[in-house]
Amino acid sequence: MHHAASAAAQATSGASPRPGLILIGFSPPGPLAAIARHLGWPGLVLTDPHRVLYRRLGIGRAPLWQVYSPGTLATYASALARGHRLARPVEDTRQLGADAIMVGGVVRRLWRPRSPDDRPAAAEVIAAAQAWLS
């Protein structure tokens, strides 16, 4: 609620809206917060255990052949080659994620991946956000 109040105050004062980062996952709050800390996530972290937002944005689950696509398998092989151990999944590995630009509570741009490794480059998302703010 604090972020919504800040955005409303900026809008009424004529100040430009500030971009922010929000990570939304379906994990329970504790494990999701641990992931955010591990990644050094600088923004807000929200949990959507019933995947309401996922459904509203049309973000579905992938079939197994898409989840374990050649690109995903290559990512895992690369991690193993660098000495990383792969953990056994404990959640829904078929749930796809997404990246979105929201302005004033409205989704202005949405990237829906075809597989877990099909995500836009961070620079692309940042450039799209900057375009909406200019």
# chains A, B, ... in the order shown; residues from 1 in each chain; ligands from 1
call {"tool": "residues_around", "arguments": {"residues": "A:Pro116", "least_positions_apart": "5", "cutoff": "7 Å", "atoms": "only C-alpha atoms", "output": "list in words"}}
result
Val67, Thr72 and Leu96 of chain A
call {"tool": "residues_around", "arguments": {"residues": "A:Tyr54", "least_positions_apart": "4", "cutoff": "12 Å", "atoms": "only C-alpha atoms", "output": "compact mmCIF listing (two decimals) with N, CA and C atoms, in the first residue's frame"}}
result
# COMPACT_ATOMS: atom_id res chain seq x y z
N ILE A 24 6.96 -11.24 -8.31
CA ILE A 24 5.76 -11.95 -7.86
C ILE A 24 5.97 -13.42 -8.15
N GLY A 25 5.81 -14.22 -7.12
CA GLY A 25 5.97 -15.66 -7.27
C GLY A 25 4.82 -16.38 -6.60
N PHE A 26 4.76 -17.68 -6.78
CA PHE A 26 3.68 -18.46 -6.16
C PHE A 26 4.16 -19.29 -4.98
N THR A 47 3.78 -12.57 -2.97
CA THR A 47 3.47 -13.97 -3.24
C THR A 47 2.03 -14.09 -3.72
N ASP A 48 1.82 -14.95 -4.70
CA ASP A 48 0.51 -15.21 -5.30
C ASP A 48 0.30 -16.72 -5.31
N PRO A 49 0.11 -17.32 -4.12
CA PRO A 49 0.07 -18.79 -4.04
C PRO A 49 -1.06 -19.43 -4.84
N HIS A 50 -2.13 -18.70 -5.07
CA HIS A 50 -3.25 -19.26 -5.84
C HIS A 50 -3.17 -18.88 -7.32
N GLY A 58 -2.95 -14.38 -18.28
CA GLY A 58 -2.90 -15.44 -19.28
C GLY A 58 -1.59 -16.19 -19.29
N ILE A 59 -0.96 -16.30 -18.13
CA ILE A 59 0.33 -17.00 -18.03
C ILE A 59 0.04 -18.42 -17.56
N GLY A 60 0.19 -19.34 -18.46
CA GLY A 60 -0.18 -20.72 -18.15
C GLY A 60 0.98 -21.59 -17.76
N ARG A 61 0.70 -22.87 -17.84
CA ARG A 61 1.69 -23.89 -17.55
C ARG A 61 2.12 -24.51 -18.87
N GLN A 95 4.94 -24.17 -14.38
CA GLN A 95 4.37 -22.82 -14.34
C GLN A 95 5.33 -21.85 -15.01
N LEU A 96 4.86 -21.20 -16.06
CA LEU A 96 5.68 -20.21 -16.75
C LEU A 96 5.63 -18.88 -16.01
N GLY A 97 6.65 -18.10 -16.19
CA GLY A 97 6.69 -16.76 -15.63
C GLY A 97 6.36 -15.75 -16.72
N ALA A 98 6.59 -14.51 -16.44
CA ALA A 98 6.38 -13.44 -17.43
C ALA A 98 7.11 -12.20 -16.96
N ASP A 99 7.22 -11.24 -17.85
CA ASP A 99 7.77 -9.94 -17.53
C ASP A 99 6.75 -8.92 -18.02
N ALA A 100 6.53 -7.87 -17.25
CA ALA A 100 5.50 -6.90 -17.63
C ALA A 100 5.93 -5.49 -17.27
N LEU A 110 3.57 -6.85 -22.08
CA LEU A 110 3.66 -8.14 -21.41
C LEU A 110 4.43 -9.11 -22.30
N ARG A 112 5.23 -12.98 -22.57
CA ARG A 112 4.88 -14.33 -22.11
C ARG A 112 5.84 -15.32 -22.78
call {"tool": "select_by_dssp", "arguments": {"residues": "chain A", "states": "strand (DSSP E)", "output": "mmCIF file with C-alpha atoms, in the first residue's frame"}}
result
data_model
loop_
_atom_site.group_PDB
_atom_site.id
_atom_site.type_symbol
_atom_site.label_atom_id
_atom_site.label_comp_id
_atom_site.auth_asym_id
_atom_site.auth_seq_id
_atom_site.Cartn_x
_atom_site.Cartn_y
_atom_site.Cartn_z
ATOM 1 C CA ILE A 22 8.208 -6.116 -8.230
ATOM 2 C CA LEU A 23 8.906 -9.834 -8.043
ATOM 3 C CA ILE A 24 5.757 -11.948 -7.860
ATOM 4 C CA GLY A 25 5.966 -15.663 -7.273
ATOM 5 C CA LEU A 44 9.161 -5.443 -3.629
ATOM 6 C CA VAL A 45 8.443 -9.188 -3.306
ATOM 7 C CA LEU A 46 4.847 -10.444 -3.393
ATOM 8 C CA THR A 47 3.470 -13.967 -3.245
ATOM 9 C CA ASP A 99 7.771 -9.938 -17.527
ATOM 10 C CA ALA A 100 5.503 -6.901 -17.629
ATOM 11 C CA ILE A 101 5.520 -3.129 -17.716
ATOM 12 C CA MET A 102 2.705 -1.589 -15.682
ATOM 13 C CA VAL A 103 1.838 2.083 -15.720
ATOM 14 C CA VAL A 106 -2.442 -1.102 -16.174
ATOM 15 C CA VAL A 107 -0.273 -3.627 -18.011
ATOM 16 C CA ARG A 108 1.201 -1.765 -20.980
ATOM 17 C CA ARG A 109 3.604 -4.449 -22.205
ATOM 18 C CA LEU A 110 3.661 -8.145 -21.409
ATOM 19 C CA TRP A 111 6.208 -10.758 -22.402
#
call {"tool": "atom_distance", "arguments": {"atom1": "atom CA of A:Glu91", "atom2": "atom CA of A:His38"}}
result
17.8 Å
call {"tool": "residues_around", "arguments": {"residues": "A:Gln66", "least_positions_apart": "3", "cutoff": "12 Å", "atoms": "only C-alpha atoms", "output": "MDAnalysis selection string"}}
result
chainID A and resid 61:63 69:73 93:96 113:118
call {"tool": "select_by_dssp", "arguments": {"residues": "chain A", "states": "helix (DSSP H, G or I)", "output": "PyMOL selection string"}}
result
chain A and resi 2-13+29-39+52-56+64-67+70-81+122-133
call {"tool": "write_last_selection", "arguments": {"atoms": "C-alpha atoms", "output": "PDB file, in the first residue's frame"}}
result
ATOM      1  CA  HIS A   2       2.905   2.333   0.638  1.00  0.00           C
ATOM      2  CA  HIS A   3       3.966   2.179  -3.018  1.00  0.00           C
ATOM      3  CA  ALA A   4       0.430   2.931  -4.245  1.00  0.00           C
ATOM      4  CA  ALA A   5       0.225   5.961  -1.955  1.00  0.00           C
ATOM      5  CA  SER A   6       3.600   7.208  -3.197  1.00  0.00           C
ATOM      6  CA  ALA A   7       2.527   6.837  -6.837  1.00  0.00           C
ATOM      7  CA  ALA A   8      -0.719   8.696  -6.160  1.00  0.00           C
ATOM      8  CA  ALA A   9       1.159  11.496  -4.418  1.00  0.00           C
ATOM      9  CA  GLN A  10       3.549  11.775  -7.381  1.00  0.00           C
ATOM     10  CA  ALA A  11       0.658  11.880  -9.853  1.00  0.00           C
ATOM     11  CA  THR A  12      -1.128  14.678  -8.016  1.00  0.00           C
ATOM     12  CA  SER A  13       2.070  16.656  -7.497  1.00  0.00           C
ATOM     13  CA  PRO A  29       6.447 -16.073   1.606  1.00  0.00           C
ATOM     14  CA  GLY A  30       9.480 -17.544   3.438  1.00  0.00           C
ATOM     15  CA  PRO A  31      11.019 -19.432   0.510  1.00  0.00           C
ATOM     16  CA  LEU A  32      10.197 -16.608  -1.924  1.00  0.00           C
ATOM     17  CA  ALA A  33      11.916 -14.066   0.355  1.00  0.00           C
ATOM     18  CA  ALA A  34      14.960 -16.383   0.548  1.00  0.00           C
ATOM     19  CA  ILE A  35      15.138 -16.523  -3.269  1.00  0.00           C
ATOM     20  CA  ALA A  36      14.898 -12.726  -3.448  1.00  0.00           C
ATOM     21  CA  ARG A  37      17.720 -12.341  -0.908  1.00  0.00           C
ATOM     22  CA  HIS A  38      19.861 -14.867  -2.785  1.00  0.00           C
ATOM     23  CA  LEU A  39      19.341 -12.952  -6.037  1.00  0.00           C
ATOM     24  CA  VAL A  52      -4.613 -15.285  -9.511  1.00  0.00           C
ATOM     25  CA  LEU A  53      -2.377 -12.776 -11.291  1.00  0.00           C
ATOM     26  CA  TYR A  54      -0.882 -15.516 -13.454  1.00  0.00           C
ATOM     27  CA  ARG A  55      -4.398 -16.442 -14.671  1.00  0.00           C
ATOM     28  CA  ARG A  56      -5.449 -12.811 -15.188  1.00  0.00           C
ATOM     29  CA  LEU A  64       6.896 -31.063 -20.251  1.00  0.00           C
ATOM     30  CA  TRP A  65       8.455 -30.941 -23.728  1.00  0.00           C
ATOM     31  CA  GLN A  66       8.508 -27.136 -23.501  1.00  0.00           C
ATOM     32  CA  VAL A  67       9.748 -27.021 -19.919  1.00  0.00           C
ATOM     33  CA  PRO A  70      16.826 -27.823 -25.696  1.00  0.00           C
ATOM     34  CA  GLY A  71      17.553 -24.309 -24.381  1.00  0.00           C
ATOM     35  CA  THR A  72      16.559 -25.216 -20.839  1.00  0.00           C
ATOM     36  CA  LEU A  73      18.579 -28.432 -20.953  1.00  0.00           C
ATOM     37  CA  ALA A  74      21.565 -26.453 -22.247  1.00  0.00           C
ATOM     38  CA  THR A  75      21.197 -24.046 -19.308  1.00  0.00           C
ATOM     39  CA  TYR A  76      21.215 -26.984 -16.876  1.00  0.00           C
ATOM     40  CA  ALA A  77      24.196 -28.604 -18.626  1.00  0.00           C
ATOM     41  CA  SER A  78      26.110 -25.330 -18.454  1.00  0.00           C
ATOM     42  CA  ALA A  79      25.403 -25.009 -14.735  1.00  0.00           C
ATOM     43  CA  LEU A  80      26.563 -28.583 -14.125  1.00  0.00           C
ATOM     44  CA  ALA A  81      29.736 -27.948 -16.140  1.00  0.00           C
ATOM     45  CA  ALA A 122      16.817  -7.039 -19.089  1.00  0.00           C
ATOM     46  CA  ALA A 123      17.887  -4.195 -21.400  1.00  0.00           C
ATOM     47  CA  GLU A 124      14.770  -4.748 -23.531  1.00  0.00           C
ATOM     48  CA  VAL A 125      12.460  -4.551 -20.511  1.00  0.00           C
ATOM     49  CA  ILE A 126      14.260  -1.469 -19.184  1.00  0.00           C
ATOM     50  CA  ALA A 127      14.064   0.270 -22.565  1.00  0.00           C
ATOM     51  CA  ALA A 128      10.327  -0.459 -22.776  1.00  0.00           C
ATOM     52  CA  ALA A 129       9.787   0.901 -19.264  1.00  0.00           C
ATOM     53  CA  GLN A 130      11.747   4.051 -20.071  1.00  0.00           C
ATOM     54  CA  ALA A 131       9.673   4.559 -23.236  1.00  0.00           C
ATOM     55  CA  TRP A 132       6.451   4.492 -21.187  1.00  0.00           C
ATOM     56  CA  LEU A 133       7.871   6.960 -18.683  1.00  0.00           C
TER      57      LEU A 133
END
call {"tool": "atom_distance", "arguments": {"atom1": "atom CA of A:Pro28", "atom2": "atom CA of A:Pro89"}}
result
14.7 Å
call {"tool": "atom_distance", "arguments": {"atom1": "atom CA of A:Trp41", "atom2": "atom CA of A:Leu21"}}
result
8.6 Å
call {"tool": "closest_residue", "arguments": {"among": "A:Gly20, A:Val90, A:Gly105, A:Tyr68", "to": "A:Pro42", "atoms": "only C-alpha atoms"}}
result
A:Gly20
